[in-house]
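Asks: What follows is model.csv; its format and atoms are CSV, C-alpha atoms and all ligand atoms.
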chain,number,residue,atom,x,y,z
Z,1,MET,CA,129.3,57.6,132.6
Z,2,ASP,CA,129.1,60.0,129.7
Z,3,GLY,CA,126.3,58.1,128.0
Z,4,PHE,CA,124.4,57.5,131.2
Z,5,SER,CA,121.6,60.0,131.3
Z,6,TYR,CA,118.0,60.0,132.5
Z,7,ALA,CA,116.2,63.2,131.5
Z,8,ILE,CA,113.0,62.3,133.3
Z,9,ARG,CA,114.7,63.0,136.6
Z,10,ASN,CA,117.4,65.5,135.4
Z,11,ILE,CA,114.9,68.1,134.6
Z,12,VAL,CA,113.7,68.2,138.2
Z,13,VAL,CA,116.7,70.3,139.1
Z,14,GLU,CA,115.3,73.2,137.1
Z,15,ALA,CA,111.8,72.6,138.5
Z,16,ASP,CA,113.1,72.9,142.0
Z,17,ARG,CA,114.6,76.3,141.1
Z,18,VAL,CA,111.3,77.4,139.6
Z,19,GLU,CA,109.4,76.2,142.7
Z,20,ALA,CA,111.9,78.0,145.0
Z,21,GLN,CA,110.9,81.2,143.2
Z,22,GLY,CA,107.3,80.7,144.2
Z,23,THR,CA,105.7,79.2,141.1
Z,24,ARG,CA,103.6,76.0,141.6
Z,25,VAL,CA,105.1,73.2,139.6
Z,26,ARG,CA,102.8,70.6,138.0
Z,27,TYR,CA,104.9,67.5,137.6
Z,28,LEU,CA,104.0,65.8,134.3
Z,29,ASN,CA,107.4,64.2,134.1
Z,30,VAL,CA,107.3,60.9,136.1
Z,31,GLY,CA,104.8,58.2,135.3
Z,32,ASP,CA,103.7,57.5,138.9
Z,33,PRO,CA,100.0,56.9,139.2
Z,34,VAL,CA,100.1,57.0,143.0
Z,35,ALA,CA,101.4,60.6,142.9
Z,36,PHE,CA,98.2,61.5,141.2
Z,37,GLY,CA,95.9,59.9,143.7
Z,38,PHE,CA,95.4,56.4,142.2
Z,39,GLN,CA,95.4,54.0,145.1
Z,40,THR,CA,97.3,50.7,145.5
Z,41,PRO,CA,94.8,47.9,145.8
Z,42,PRO,CA,94.1,47.2,149.5
Z,43,HIS,CA,94.5,43.4,149.1
Z,44,LEU,CA,98.1,44.0,147.9
Z,45,ILE,CA,98.9,46.2,150.8
Z,46,ALA,CA,97.4,43.6,153.2
Z,47,ALA,CA,99.6,40.9,151.7
Z,48,VAL,CA,102.8,43.0,152.3
Z,49,GLU,CA,101.6,44.0,155.8
Z,50,ARG,CA,101.0,40.4,156.7
Z,51,ALA,CA,104.4,39.4,155.4
Z,52,LEU,CA,106.0,42.1,157.5
Z,53,ARG,CA,104.1,41.0,160.7
Z,54,ASP,CA,104.8,37.3,160.0
Z,55,GLY,CA,108.5,38.1,160.2
Z,56,HIS,CA,109.4,37.9,156.5
Z,57,ASN,CA,112.0,40.6,157.0
Z,58,GLY,CA,115.2,38.6,156.3
Z,59,TYR,CA,116.9,38.0,153.0
Z,60,GLY,CA,115.1,35.8,150.5
Z,61,PRO,CA,116.3,33.6,147.6
Z,62,SER,CA,118.2,35.7,145.0
Z,63,ALA,CA,115.9,34.6,142.2
Z,64,GLY,CA,112.8,35.4,144.2
Z,65,LEU,CA,110.3,33.6,146.5
Z,66,ARG,CA,109.0,30.4,145.0
Z,67,VAL,CA,105.4,31.5,145.4
Z,68,ALA,CA,106.0,34.7,143.5
Z,69,ARG,CA,108.0,33.0,140.7
Z,70,GLU,CA,105.3,30.4,140.2
Z,71,ALA,CA,102.6,33.2,140.0
Z,72,VAL,CA,104.7,35.0,137.3
Z,73,ALA,CA,105.2,31.7,135.3
Z,74,GLU,CA,101.4,31.1,135.5
Z,75,GLU,CA,100.7,34.6,134.4
Z,76,PHE,CA,103.0,34.4,131.3
Z,77,THR,CA,101.6,30.9,130.5
Z,78,SER,CA,98.0,32.0,130.8
Z,79,ARG,CA,98.8,34.7,128.3
Z,80,GLY,CA,100.2,32.2,125.8
Z,81,PHE,CA,103.9,32.6,126.6
Z,82,ARG,CA,104.7,29.3,128.3
Z,83,ILE,CA,107.4,29.8,130.9
Z,84,THR,CA,108.4,27.7,133.8
Z,85,ALA,CA,109.1,29.2,137.3
Z,86,ASP,CA,112.8,28.3,137.1
Z,87,ARG,CA,113.1,30.7,134.1
Z,88,THR,CA,111.6,33.6,136.1
Z,89,PHE,CA,113.3,36.1,138.5
Z,90,ILE,CA,111.8,38.6,140.8
Z,91,THR,CA,113.6,42.0,140.5
Z,92,ALA,CA,113.6,45.5,141.9
Z,93,GLY,CA,111.1,46.7,139.3
Z,94,THR,CA,111.3,46.4,135.5
Z,95,SER,CA,114.3,48.7,135.9
Z,96,GLU,CA,116.4,46.1,137.5
Z,97,ALA,CA,115.1,43.5,135.1
Z,98,ILE,CA,116.3,45.6,132.2
Z,99,ASP,CA,119.7,46.0,133.9
Z,100,LEU,CA,120.1,42.3,134.6
Z,101,ALA,CA,119.0,41.2,131.2
Z,102,LEU,CA,121.2,43.6,129.3
Z,103,SER,CA,124.2,42.8,131.5
Z,104,ALA,CA,123.6,39.1,131.0
Z,105,ILE,CA,123.3,39.3,127.2
Z,106,VAL,CA,125.4,42.2,126.0
Z,107,ASP,CA,129.2,42.6,126.1
Z,108,GLU,CA,131.4,45.6,125.6
Z,109,GLY,CA,131.4,46.7,121.9
Z,110,GLN,CA,128.2,44.8,121.0
Z,111,GLU,CA,125.0,46.4,119.7
Z,112,VAL,CA,121.4,46.6,120.8
Z,113,LEU,CA,118.6,47.8,118.6
Z,114,VAL,CA,116.5,50.3,120.6
Z,115,PRO,CA,113.4,52.2,119.5
Z,116,ARG,CA,113.5,55.9,118.8
Z,117,PRO,CA,112.0,57.5,120.9
Z,118,THR,CA,113.3,55.2,123.6
Z,119,TYR,CA,112.8,54.7,127.2
Z,120,PRO,CA,116.0,56.2,128.4
Z,121,LEU,CA,117.1,53.5,130.9
Z,122,TYR,CA,117.9,51.3,127.9
Z,123,THR,CA,120.4,53.6,126.3
Z,124,ALA,CA,121.8,54.5,129.8
Z,125,VAL,CA,122.5,50.8,130.7
Z,126,ILE,CA,123.8,50.0,127.2
Z,127,ALA,CA,126.3,52.9,127.6
Z,128,LYS,CA,127.3,51.7,131.1
Z,129,LEU,CA,128.1,48.3,129.6
Z,130,GLY,CA,130.3,49.9,127.0
Z,131,ALA,CA,128.0,48.6,124.3
Z,132,ARG,CA,126.3,50.6,121.5
Z,133,ALA,CA,122.6,51.5,121.0
Z,134,ARG,CA,121.4,51.6,117.4
Z,135,PHE,CA,118.1,53.2,117.0
Z,136,TYR,CA,115.2,52.1,114.8
Z,137,ARG,CA,112.6,54.7,114.2
Z,138,CYS,CA,109.0,54.7,115.3
Z,139,ASP,CA,106.9,56.8,113.0
Z,140,PRO,CA,104.4,59.4,114.3
Z,141,SER,CA,102.8,59.6,110.9
Z,142,ARG,CA,101.9,55.9,111.2
Z,143,GLY,CA,100.6,56.0,114.8
Z,144,TRP,CA,104.2,55.5,116.1
Z,145,ALA,CA,104.6,52.1,114.4
Z,146,PRO,CA,108.1,50.8,114.3
Z,147,ASP,CA,109.9,51.2,110.9
Z,148,LEU,CA,110.5,47.5,110.2
Z,149,ASP,CA,112.7,48.1,107.2
Z,150,GLU,CA,115.0,50.3,109.2
Z,151,LEU,CA,115.0,47.7,112.0
Z,152,ALA,CA,115.9,44.9,109.6
Z,153,ALA,CA,118.6,47.0,108.0
Z,154,SER,CA,120.2,47.9,111.3
Z,155,VAL,CA,121.1,44.4,112.3
Z,156,THR,CA,124.9,43.8,112.1
Z,157,PRO,CA,127.0,40.8,113.2
Z,158,ALA,CA,127.5,42.7,116.5
Z,159,THR,CA,123.8,42.9,117.3
Z,160,ARG,CA,122.7,41.0,120.4
Z,161,ALA,CA,119.2,42.1,121.1
Z,162,ILE,CA,116.2,44.1,120.0
Z,163,VAL,CA,114.3,46.1,122.6
Z,164,VAL,CA,110.6,46.3,122.0
Z,165,VAL,CA,108.5,48.5,124.4
Z,166,ASP,CA,104.9,47.6,123.7
Z,167,PRO,CA,102.6,49.3,124.8
Z,168,ASN,CA,105.0,52.1,124.6
Z,169,ASN,CA,106.4,54.8,126.8
Z,170,PRO,CA,106.8,57.6,125.6
Z,171,THR,CA,104.5,57.4,122.6
Z,172,GLY,CA,101.3,55.7,124.0
Z,173,ALA,CA,101.3,53.3,121.0
Z,174,SER,CA,100.8,49.6,120.8
Z,175,TYR,CA,101.9,47.6,117.8
Z,176,SER,CA,99.9,45.6,115.3
Z,177,THR,CA,100.2,41.8,115.4
Z,178,ALA,CA,101.8,42.0,112.0
Z,179,ALA,CA,104.5,44.3,113.2
Z,180,ARG,CA,105.1,42.2,116.2
Z,181,ARG,CA,105.4,39.0,114.1
Z,182,ALA,CA,107.8,40.8,111.8
Z,183,ILE,CA,110.0,41.8,114.7
Z,184,VAL,CA,110.1,38.2,116.0
Z,185,GLU,CA,111.0,37.0,112.5
Z,186,ILE,CA,113.9,39.5,112.1
Z,187,ALA,CA,115.2,38.4,115.6
Z,188,GLU,CA,114.9,34.7,114.8
Z,189,GLN,CA,116.4,35.0,111.4
Z,190,HIS,CA,119.5,36.7,112.9
Z,191,GLY,CA,119.8,34.6,116.1
Z,192,ILE,CA,119.3,37.6,118.4
Z,193,VAL,CA,117.2,38.1,121.5
Z,194,ILE,CA,114.0,40.2,121.9
Z,195,LEU,CA,113.8,42.1,125.1
Z,196,ALA,CA,110.1,42.8,125.5
Z,197,ASP,CA,109.2,45.6,127.9
Z,198,GLU,CA,105.6,44.8,128.7
Z,199,VAL,CA,105.2,46.9,131.9
Z,200,TYR,CA,102.1,48.6,130.3
Z,201,GLY,CA,100.7,45.3,129.0
Z,202,ASP,CA,97.5,45.5,131.1
Z,203,LEU,CA,96.9,49.1,130.3
Z,204,GLY,CA,95.5,49.0,126.7
Z,205,TYR,CA,92.3,51.0,126.7
Z,206,SER,CA,90.5,48.2,125.1
Z,207,GLY,CA,91.9,45.6,127.5
Z,208,PRO,CA,95.2,43.8,128.2
Z,209,VAL,CA,97.6,43.6,125.3
Z,210,ALA,CA,99.0,40.2,124.3
Z,211,SER,CA,102.6,39.4,125.2
Z,212,ILE,CA,104.8,39.3,122.1
Z,213,GLY,CA,105.9,35.9,123.5
Z,214,SER,CA,102.4,34.5,122.9
Z,215,LEU,CA,103.0,34.9,119.1
Z,216,GLU,CA,106.0,32.6,119.0
Z,217,PRO,CA,106.7,30.9,122.4
Z,218,ASP,CA,109.7,29.1,121.0
Z,219,ALA,CA,111.5,32.4,119.9
Z,220,ALA,CA,114.3,33.8,122.1
Z,221,ILE,CA,112.2,36.3,124.0
Z,222,VAL,CA,112.8,37.8,127.5
Z,223,SER,CA,109.8,39.7,128.9
Z,224,PHE,CA,109.7,42.2,131.8
Z,225,SER,CA,107.0,43.7,133.9
Z,226,SER,CA,106.3,44.9,137.4
Z,227,LEU,CA,103.8,45.9,140.1
Z,228,SER,CA,104.6,49.6,139.3
Z,229,LYS,CA,102.0,50.6,136.7
Z,230,ALA,CA,99.1,48.1,136.3
Z,231,TYR,CA,99.2,47.3,140.1
Z,232,LEU,CA,99.7,50.8,141.2
Z,233,ALA,CA,102.7,50.2,143.5
Z,234,PRO,CA,105.8,51.8,141.9
Z,235,GLY,CA,107.5,52.5,145.2
Z,236,TRP,CA,107.6,48.9,146.1
Z,237,ARG,CA,110.3,48.3,143.4
Z,238,THR,CA,108.9,44.9,142.6
Z,239,GLY,CA,109.0,43.4,139.1
Z,240,TRP,CA,110.0,40.3,137.2
Z,241,ILE,CA,111.7,38.7,134.2
Z,242,GLY,CA,110.3,35.8,132.3
Z,243,ILE,CA,112.8,34.0,130.0
Z,244,GLY,CA,111.3,32.1,127.1
Z,245,ARG,CA,111.9,28.3,126.6
Z,246,SER,CA,114.2,28.7,123.6
Z,247,PRO,CA,117.5,26.8,124.3
Z,248,ARG,CA,119.3,29.8,123.0
Z,249,LEU,CA,118.3,31.5,126.2
Z,250,ASP,CA,119.7,28.8,128.6
Z,251,PRO,CA,122.9,30.7,129.1
Z,252,VAL,CA,120.9,33.9,129.8
Z,253,VAL,CA,119.1,32.1,132.6
Z,254,GLY,CA,122.4,31.1,134.2
Z,255,ALA,CA,123.9,34.6,133.7
Z,256,VAL,CA,120.8,36.4,135.3
Z,257,ALA,CA,120.9,33.9,138.2
Z,258,LYS,CA,124.6,34.8,138.8
Z,259,LEU,CA,124.0,38.5,138.6
Z,260,ALA,CA,120.9,38.1,140.9
Z,261,ASP,CA,123.1,36.4,143.5
Z,262,GLY,CA,125.4,39.4,143.6
Z,263,ARG,CA,122.6,41.7,144.8
Z,264,LEU,CA,121.3,39.1,147.2
Z,265,CYS,CA,117.5,39.4,146.7
Z,266,SER,CA,114.8,41.9,145.8
Z,267,THR,CA,112.5,43.3,148.6
Z,268,VAL,CA,111.1,40.3,150.3
Z,269,PRO,CA,107.8,41.5,151.9
Z,270,MET,CA,106.6,43.0,148.6
Z,271,GLN,CA,107.2,39.7,146.8
Z,272,PHE,CA,104.2,38.3,148.8
Z,273,ALA,CA,102.1,40.8,146.8
Z,274,VAL,CA,103.2,39.4,143.5
Z,275,ALA,CA,101.1,36.2,143.9
Z,276,GLU,CA,98.2,38.2,145.3
Z,277,ALA,CA,98.3,40.6,142.4
Z,278,LEU,CA,98.6,38.0,139.6
Z,279,ARG,CA,96.2,35.4,141.1
Z,280,GLY,CA,93.8,37.7,142.9
Z,281,ASP,CA,91.2,40.4,142.1
Z,282,ARG,CA,92.2,42.7,139.2
Z,283,SER,CA,89.0,44.8,139.1
Z,284,HIS,CA,91.0,48.0,139.8
Z,285,GLN,CA,92.5,47.6,136.3
Z,286,ALA,CA,89.2,48.1,134.5
Z,287,THR,CA,88.6,51.3,136.5
Z,288,PHE,CA,92.2,52.5,135.9
Z,289,ARG,CA,92.0,51.8,132.1
Z,290,ALA,CA,88.8,53.8,131.8
Z,291,ALA,CA,90.3,56.7,133.7
Z,292,LEU,CA,93.3,56.6,131.4
Z,293,LYS,CA,91.2,56.4,128.3
Z,294,GLU,CA,89.3,59.5,129.3
Z,295,ARG,CA,92.5,61.4,130.0
Z,296,ALA,CA,94.1,60.2,126.7
Z,297,THR,CA,91.0,61.5,124.8
Z,298,ILE,CA,91.2,64.9,126.5
Z,299,THR,CA,95.0,65.0,125.8
Z,300,ALA,CA,94.8,64.2,122.1
Z,301,GLU,CA,91.9,66.5,121.5
Z,302,ARG,CA,93.2,69.5,123.5
Z,303,LEU,CA,96.8,69.3,122.4
Z,304,GLY,CA,95.8,68.5,118.8
Z,305,SER,CA,93.7,71.7,118.6
Z,306,ILE,CA,96.6,74.0,119.6
Z,307,PRO,CA,98.0,75.8,116.6
Z,308,GLY,CA,101.6,74.6,116.1
Z,309,ILE,CA,101.2,71.3,118.0
Z,310,THR,CA,100.3,67.8,116.6
Z,311,CYS,CA,99.6,64.8,118.8
Z,312,VAL,CA,99.1,61.1,118.0
Z,313,ALA,CA,96.3,59.8,120.2
Z,314,PRO,CA,97.6,57.2,122.7
Z,315,VAL,CA,96.0,53.8,122.8
Z,316,ALA,CA,97.5,52.5,126.0
Z,317,GLY,CA,99.3,53.7,129.2
Z,318,PHE,CA,99.5,57.3,130.4
Z,319,TYR,CA,101.9,59.0,128.1
Z,320,ALA,CA,101.6,61.1,124.9
Z,321,MET,CA,104.4,62.6,122.7
Z,322,PRO,CA,103.2,65.7,121.0
Z,323,GLN,CA,105.3,67.7,118.6
Z,324,VAL,CA,105.7,71.4,118.5
Z,325,ASP,CA,106.5,73.0,115.2
Z,326,LEU,CA,109.6,74.9,116.4
Z,327,PRO,CA,111.0,78.0,114.7
Z,328,PRO,CA,114.5,77.4,113.2
Z,329,GLY,CA,117.3,77.5,115.8
Z,330,ARG,CA,115.1,76.5,118.7
Z,331,THR,CA,115.3,73.1,120.5
Z,332,ASP,CA,112.8,70.9,122.4
Z,333,GLU,CA,114.7,71.7,125.6
Z,334,ASP,CA,114.3,75.5,125.0
Z,335,TYR,CA,110.6,75.0,124.7
Z,336,VAL,CA,110.2,72.7,127.7
Z,337,LEU,CA,112.3,75.0,129.9
Z,338,GLY,CA,110.4,78.0,128.7
Z,339,LEU,CA,107.1,76.3,129.4
Z,340,LEU,CA,108.3,75.4,132.9
Z,341,ARG,CA,109.5,78.9,133.8
Z,342,ALA,CA,106.4,80.6,132.4
Z,343,THR,CA,103.7,78.3,133.7
Z,344,GLY,CA,105.2,75.7,136.1
Z,345,VAL,CA,104.2,72.9,133.8
Z,346,LEU,CA,107.0,70.3,133.8
Z,347,CYS,CA,107.2,67.9,130.8
Z,348,VAL,CA,110.3,66.1,129.4
Z,349,TYR,CA,111.9,67.2,126.1
Z,350,GLY,CA,111.9,64.6,123.3
Z,351,SER,CA,115.7,64.6,123.0
Z,352,GLY,CA,115.7,62.9,126.5
Z,353,PHE,CA,114.2,60.0,124.6
Z,354,GLY,CA,116.7,60.1,121.7
Z,355,MET,CA,114.7,62.4,119.4
Z,356,ARG,CA,116.4,65.2,117.5
Z,357,PRO,CA,116.2,68.4,119.5
Z,358,GLU,CA,115.1,70.5,116.6
Z,359,ASP,CA,112.1,68.2,115.9
Z,360,GLY,CA,110.3,69.6,118.9
Z,361,PHE,CA,108.9,66.5,120.6
Z,362,LEU,CA,108.0,66.4,124.3
Z,363,ARG,CA,106.5,63.8,126.5
Z,364,ILE,CA,103.5,64.4,128.7
Z,365,VAL,CA,102.3,62.2,131.6
Z,366,PHE,CA,98.5,62.6,131.6
Z,367,LEU,CA,97.7,61.1,135.0
Z,368,ALA,CA,96.3,64.3,136.5
Z,369,SER,CA,92.5,64.7,136.9
Z,370,PRO,CA,90.6,65.7,133.8
Z,371,ASP,CA,89.9,69.2,135.2
Z,372,GLU,CA,93.5,69.7,136.0
Z,373,LEU,CA,94.6,68.4,132.6
Z,374,ARG,CA,92.2,70.9,130.9
Z,375,ASP,CA,93.8,73.8,132.9
Z,376,ILE,CA,97.3,72.5,132.0
Z,377,TYR,CA,96.5,72.3,128.3
Z,378,ASP,CA,95.1,75.9,128.4
Z,379,LEU,CA,98.5,77.0,129.9
Z,380,ILE,CA,100.3,75.1,127.2
Z,381,ALA,CA,98.1,76.7,124.5
Z,382,ASP,CA,98.8,80.2,125.8
Z,383,PHE,CA,102.5,79.7,126.2
Z,384,THR,CA,102.8,78.1,122.7
Z,385,ALA,CA,101.0,80.9,121.0
Z,386,GLN,CA,103.5,83.4,122.6
Z,387,TYR,CA,106.5,81.1,121.9
Z,388,LEU,CA,105.6,80.6,118.3
Z,389,ASP,CA,104.4,84.1,117.9
Z,390,ILE,CA,101.1,83.0,116.4
Z,401,LIG,C1,108.9,51.4,129.4
Z,401,LIG,C2,109.3,51.3,130.9
Z,401,LIG,N1,110.1,50.4,131.3
Z,401,LIG,C3,110.4,50.3,132.6
Z,401,LIG,C4,110.0,51.3,133.5
Z,401,LIG,C5,110.5,51.1,134.9
Z,401,LIG,O1,109.4,50.6,135.7
Z,401,LIG,P1,109.6,49.9,137.1
Z,401,LIG,O2,109.0,50.9,138.1
Z,401,LIG,O3,108.9,48.6,137.0
Z,401,LIG,O4,111.1,49.8,137.3
Z,401,LIG,C6,109.2,52.3,133.1
Z,401,LIG,C7,108.8,53.3,134.0
Z,401,LIG,O5,108.2,54.4,133.7
Z,401,LIG,C8,108.8,52.3,131.7
Z,401,LIG,O6,108.0,53.3,131.3
I need this file expressed as structure tokens, please.
Replies:
Amino acid sequence: MDGFSYAIRNIVVEADRVEAQGTRVRYLNVGDPVAFGFQTPPHLIAAVERALRDGHNGYGPSAGLRVAREAVAEEFTSRGFRITADRTFITAGTSEAIDLALSAIVDEGQEVLVPRPTYPLYTAVIAKLGARARFYRCDPSRGWAPDLDELAASVTPATRAIVVVDPNNPTGASYSTAARRAIVEIAEQHGIVILADEVYGDLGYSGPVASIGSLEPDAAIVSFSSLSKAYLAPGWRTGWIGIGRSPRLDPVVGAVAKLADGRLCSTVPMQFAVAEALRGDRSHQATFRAALKERATITAERLGSIPGITCVAPVAGFYAMPQVDLPPGRTDEDYVLGLLRATGVLCVYGSGFGMRPEDGFLRIVFLASPDELRDIYDLIADFTAQYLDI
């Protein structure tokens, strides 16, 4: 268990302590839009309610309800990544999709290329499997683009997969088509699999972002997403995997099916919302994207104007990863805990995402209202001036 760590929740222990002492904590650690007042679309709630009342309260098929799997296959196919329903699985969120796919593909002692900063579940599951994460850098000075040279140079005979989180948590970046094509080429050249985390795919500020699988539908690509972010239902724990048509992935389909049998099925009533979400009205997404864009602009402007802080403007999703120019000897965790104790503002330190502690990165979830965000950034500005003594 030594390598299994999830900083986003770990830090809540300290927040509870701060709250018990009477300070109001502002939770900017977990990316849950519902916690900030964004509403689950009513037609999705109605679908689940109907399923509950119609008696769909027993176990379902391990791979997922046919209707949900067909909707997922149609969704991928309509985005240019042609997948058949028998190569889809309904899962307990993207999180279980990640666990199933890594467990199906990676053995003890093998390696997976993971972006730095990473989404921490990847490194945690890789550690649980006794495998090894090798990081490839994403570069803040180039809008957090992946370092393709480092990525290519990190492939070894033990490499099984490349994780690509696009649009990205924690950086708010989305990659250029050229970068995506280059990643697909590296993977194909070495016979490895791309694990494409596309849970923020509908949340690009200028519209949905293409699935990496649409660039090369014959490449060995496994894509994940869920109802959690773009459909505003993270508590339903409902997501999916789409496994590309490459014959190299045939054994992965079999392995995921076997693993899925072991956990019986994912939540059945919520699966009725999958078809409703993917085939029905998505107008809430345009409103949500506009709200995110406004918050991203405030975040980049306000944080970027604080002396000692730099911030790359996000282009998708609801995260930013600013950098504090720390004095020697200080760490990102010192700064984040200091900020929490002094102001009640709870962020996550960058080292929880694989960054070097002395580099001073932190991740902010900017789902709060614009007014509250402005207040929060004022608190951060005051605290930072004191902390850096400027
Ligand atoms: C990149 C990424 N992948 C996966 C997840 C997990 O999402 P889900 O709720 O679908 O399990 C998250 C949640 O924040 C995420 O940011």
Asks: Determine the nearest neighbour of Ala158 of chain Z from the options Z:Glu185, Z:Glu198, Z:Asp139, Z:Glu111, counting all atoms listed in the file.
Replies: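 Among the listed residues, Z:Glu111 lies closest to Ala158 of chain Z.
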Asks: Find the residues of segment 230-316 of chain Z that sit at most 12 Å from segment 364-375 of chain Z; for each, write down the nearest two atoms and how far apart they are in Å, to one decimal. Count all atoms listed in the file. Sort by chain, then by number going up, and give it as JSON lines.
Replies:
{"residue": "Z:Phe288", "atom": "CA", "partner": "Z:Leu367", "partner_atom": "CA", "distance": 10.2}
{"residue": "Z:Arg289", "atom": "CA", "partner": "Z:Leu367", "partner_atom": "CA", "distance": 11.3}
{"residue": "Z:Ala290", "atom": "CA", "partner": "Z:Leu367", "partner_atom": "CA", "distance": 11.9}
{"residue": "Z:Ala291", "atom": "CA", "partner": "Z:Leu367", "partner_atom": "CA", "distance": 8.7}
{"residue": "Z:Leu292", "atom": "CA", "partner": "Z:Leu367", "partner_atom": "CA", "distance": 7.3}
{"residue": "Z:Lys293", "atom": "CA", "partner": "Z:Phe366", "partner_atom": "CA", "distance": 10.1}
{"residue": "Z:Glu294", "atom": "CA", "partner": "Z:Pro370", "partner_atom": "CA", "distance": 7.8}
{"residue": "Z:Arg295", "atom": "CA", "partner": "Z:Pro370", "partner_atom": "CA", "distance": 6.0}
{"residue": "Z:Ala296", "atom": "CA", "partner": "Z:Phe366", "partner_atom": "CA", "distance": 7.0}
{"residue": "Z:Thr297", "atom": "CA", "partner": "Z:Pro370", "partner_atom": "CA", "distance": 9.9}
{"residue": "Z:Ile298", "atom": "CA", "partner": "Z:Pro370", "partner_atom": "CA", "distance": 7.4}
{"residue": "Z:Thr299", "atom": "CA", "partner": "Z:Phe366", "partner_atom": "CA", "distance": 7.2}
{"residue": "Z:Ala300", "atom": "CA", "partner": "Z:Phe366", "partner_atom": "CA", "distance": 10.3}
{"residue": "Z:Glu301", "atom": "CA", "partner": "Z:Arg374", "partner_atom": "CA", "distance": 10.4}
{"residue": "Z:Arg302", "atom": "CA", "partner": "Z:Arg374", "partner_atom": "CA", "distance": 7.6}
{"residue": "Z:Leu303", "atom": "CA", "partner": "Z:Arg374", "partner_atom": "CA", "distance": 9.8}
{"residue": "Z:Cys311", "atom": "CA", "partner": "Z:Ile364", "partner_atom": "CA", "distance": 10.6}
{"residue": "Z:Ala313", "atom": "CA", "partner": "Z:Phe366", "partner_atom": "CA", "distance": 11.9}
{"residue": "Z:Pro314", "atom": "CA", "partner": "Z:Phe366", "partner_atom": "CA", "distance": 10.4}
{"residue": "Z:Ala316", "atom": "CA", "partner": "Z:Phe366", "partner_atom": "CA", "distance": 11.6}
Asks: At what distance in Å, to one decimal, does atom CA of Arg181 of chain Z lie from atom CA of Thr123 of chain Z?
Replies: 24.2 Å
Asks: Using only C-alpha atoms and all ligand atoms, which of Z:Gly317, Z:Gly213, Z:Gly239, Z:Gly352 sits nearest ligand LIG 401 (chain Z)?
Replies: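 Once distances to ligand LIG 401 (chain Z) are computed over only C-alpha atoms and all ligand atoms, the minimum belongs to Z:Gly239.
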Asks: Set the cut-off to 9 Å, count all atoms listed in the file, and list whatever residues fall near ligand LIG 401 (chain Z) as number ranges by chain.
Replies: Z: 30-32, 91-98, 118-122, 165-170, 197-200, 224-229, 233-240, 317, 319
Asks: Quick one: residues within 8 Å of Phe272 of chain Z, only C-alpha atoms counted, chain neighbours fewer than 2 positions away excluded, as a ChimeraX atom specification?
Replies: /Z:47-48,51,67-68,268-270,274-276
Asks: Determine, counting all atoms listed in the file, every residue of protein, DNA or RNA that lies within 9 Å of (116.4, 29.8, 119.1) in the file coordinates, then give the result as a PDB file with C-alpha atoms, keeping the file's coordinate frame.
Replies:
ATOM      1  CA  GLU Z 188     114.900  34.700 114.800  1.00  0.00           C
ATOM      2  CA  GLY Z 191     119.800  34.600 116.100  1.00  0.00           C
ATOM      3  CA  ILE Z 192     119.300  37.600 118.400  1.00  0.00           C
ATOM      4  CA  VAL Z 193     117.200  38.100 121.500  1.00  0.00           C
ATOM      5  CA  ASP Z 218     109.700  29.100 121.000  1.00  0.00           C
ATOM      6  CA  ALA Z 219     111.500  32.400 119.900  1.00  0.00           C
ATOM      7  CA  ALA Z 220     114.300  33.800 122.100  1.00  0.00           C
ATOM      8  CA  ARG Z 245     111.900  28.300 126.600  1.00  0.00           C
ATOM      9  CA  SER Z 246     114.200  28.700 123.600  1.00  0.00           C
ATOM     10  CA  PRO Z 247     117.500  26.800 124.300  1.00  0.00           C
ATOM     11  CA  ARG Z 248     119.300  29.800 123.000  1.00  0.00           C
ATOM     12  CA  LEU Z 249     118.300  31.500 126.200  1.00  0.00           C
TER      13      LEU Z 249
END
Asks: Kindly provide, as a VMD selection string, the polymer residues lying within 7 Å of (125.1, 54.4, 130.1), counting all atoms listed in the file and using the coordinates exactly as they appear in the file.
Replies: chain Z and resid 1 to 5 123 to 129
Asks: Give me, as a PyMOL selection string, all polymer residues having an atom no more than 9 Å from Cys347 of chain Z, counting all atoms listed in the file and skipping those fewer than 4 positions away in the same chain.
Replies: chain Z and resi 8+11+26-30+336-337+339-340+362-365
Asks: With distances taken over all atoms listed in the file, which of Z:Asp281, Z:Glu74, Z:Asp86, Z:Asp147 is nearest to Ile243 of chain Z?
Replies: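 Distance minimum relative to Ile243 of chain Z lands on Z:Asp86.
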Asks: Nearest to Gly338 of chain Z: which of Z:Leu388, Z:Ile306, Z:Ala153, Z:Ala210 is it, counting all atoms listed in the file?
Replies: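 Residue with the minimum atom-to-atom distance to Gly338 of chain Z: Z:Leu388.
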Asks: Using all atoms listed in the file, find the one residue out of Z:Ile221, Z:Val315, Z:Leu278, Z:Leu148 that sits nearest to Gly242 of chain Z.
Replies: Z:Ile221
Asks: What does the distance between atom CA of Leu44 of chain Z and atom CA of Thr267 of chain Z come to in Å, to one decimal place?
Replies: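 About the pair atom CA of Leu44 of chain Z and atom CA of Thr267 of chain Z: they are 14.4 Å apart.
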Asks: Using Å and a single decimal, report how far atom CA of Arg134 of chain Z sits from atom CA of Ile194 of chain Z.
Replies: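 Straight-line distance from atom CA of Ile194 of chain Z to atom CA of Arg134 of chain Z works out to 14.3 Å.
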Asks: So, counting all atoms listed in the file, which residue among Z:Ala196, Z:Val25, Z:Val345, Z:Val13 is closest to Ser214 of chain Z?
Replies: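 Checking each of Z:Ala196, Z:Val25, Z:Val345, Z:Val13 against Ser214 of chain Z, counting all atoms listed in the file, the winner is Z:Ala196.
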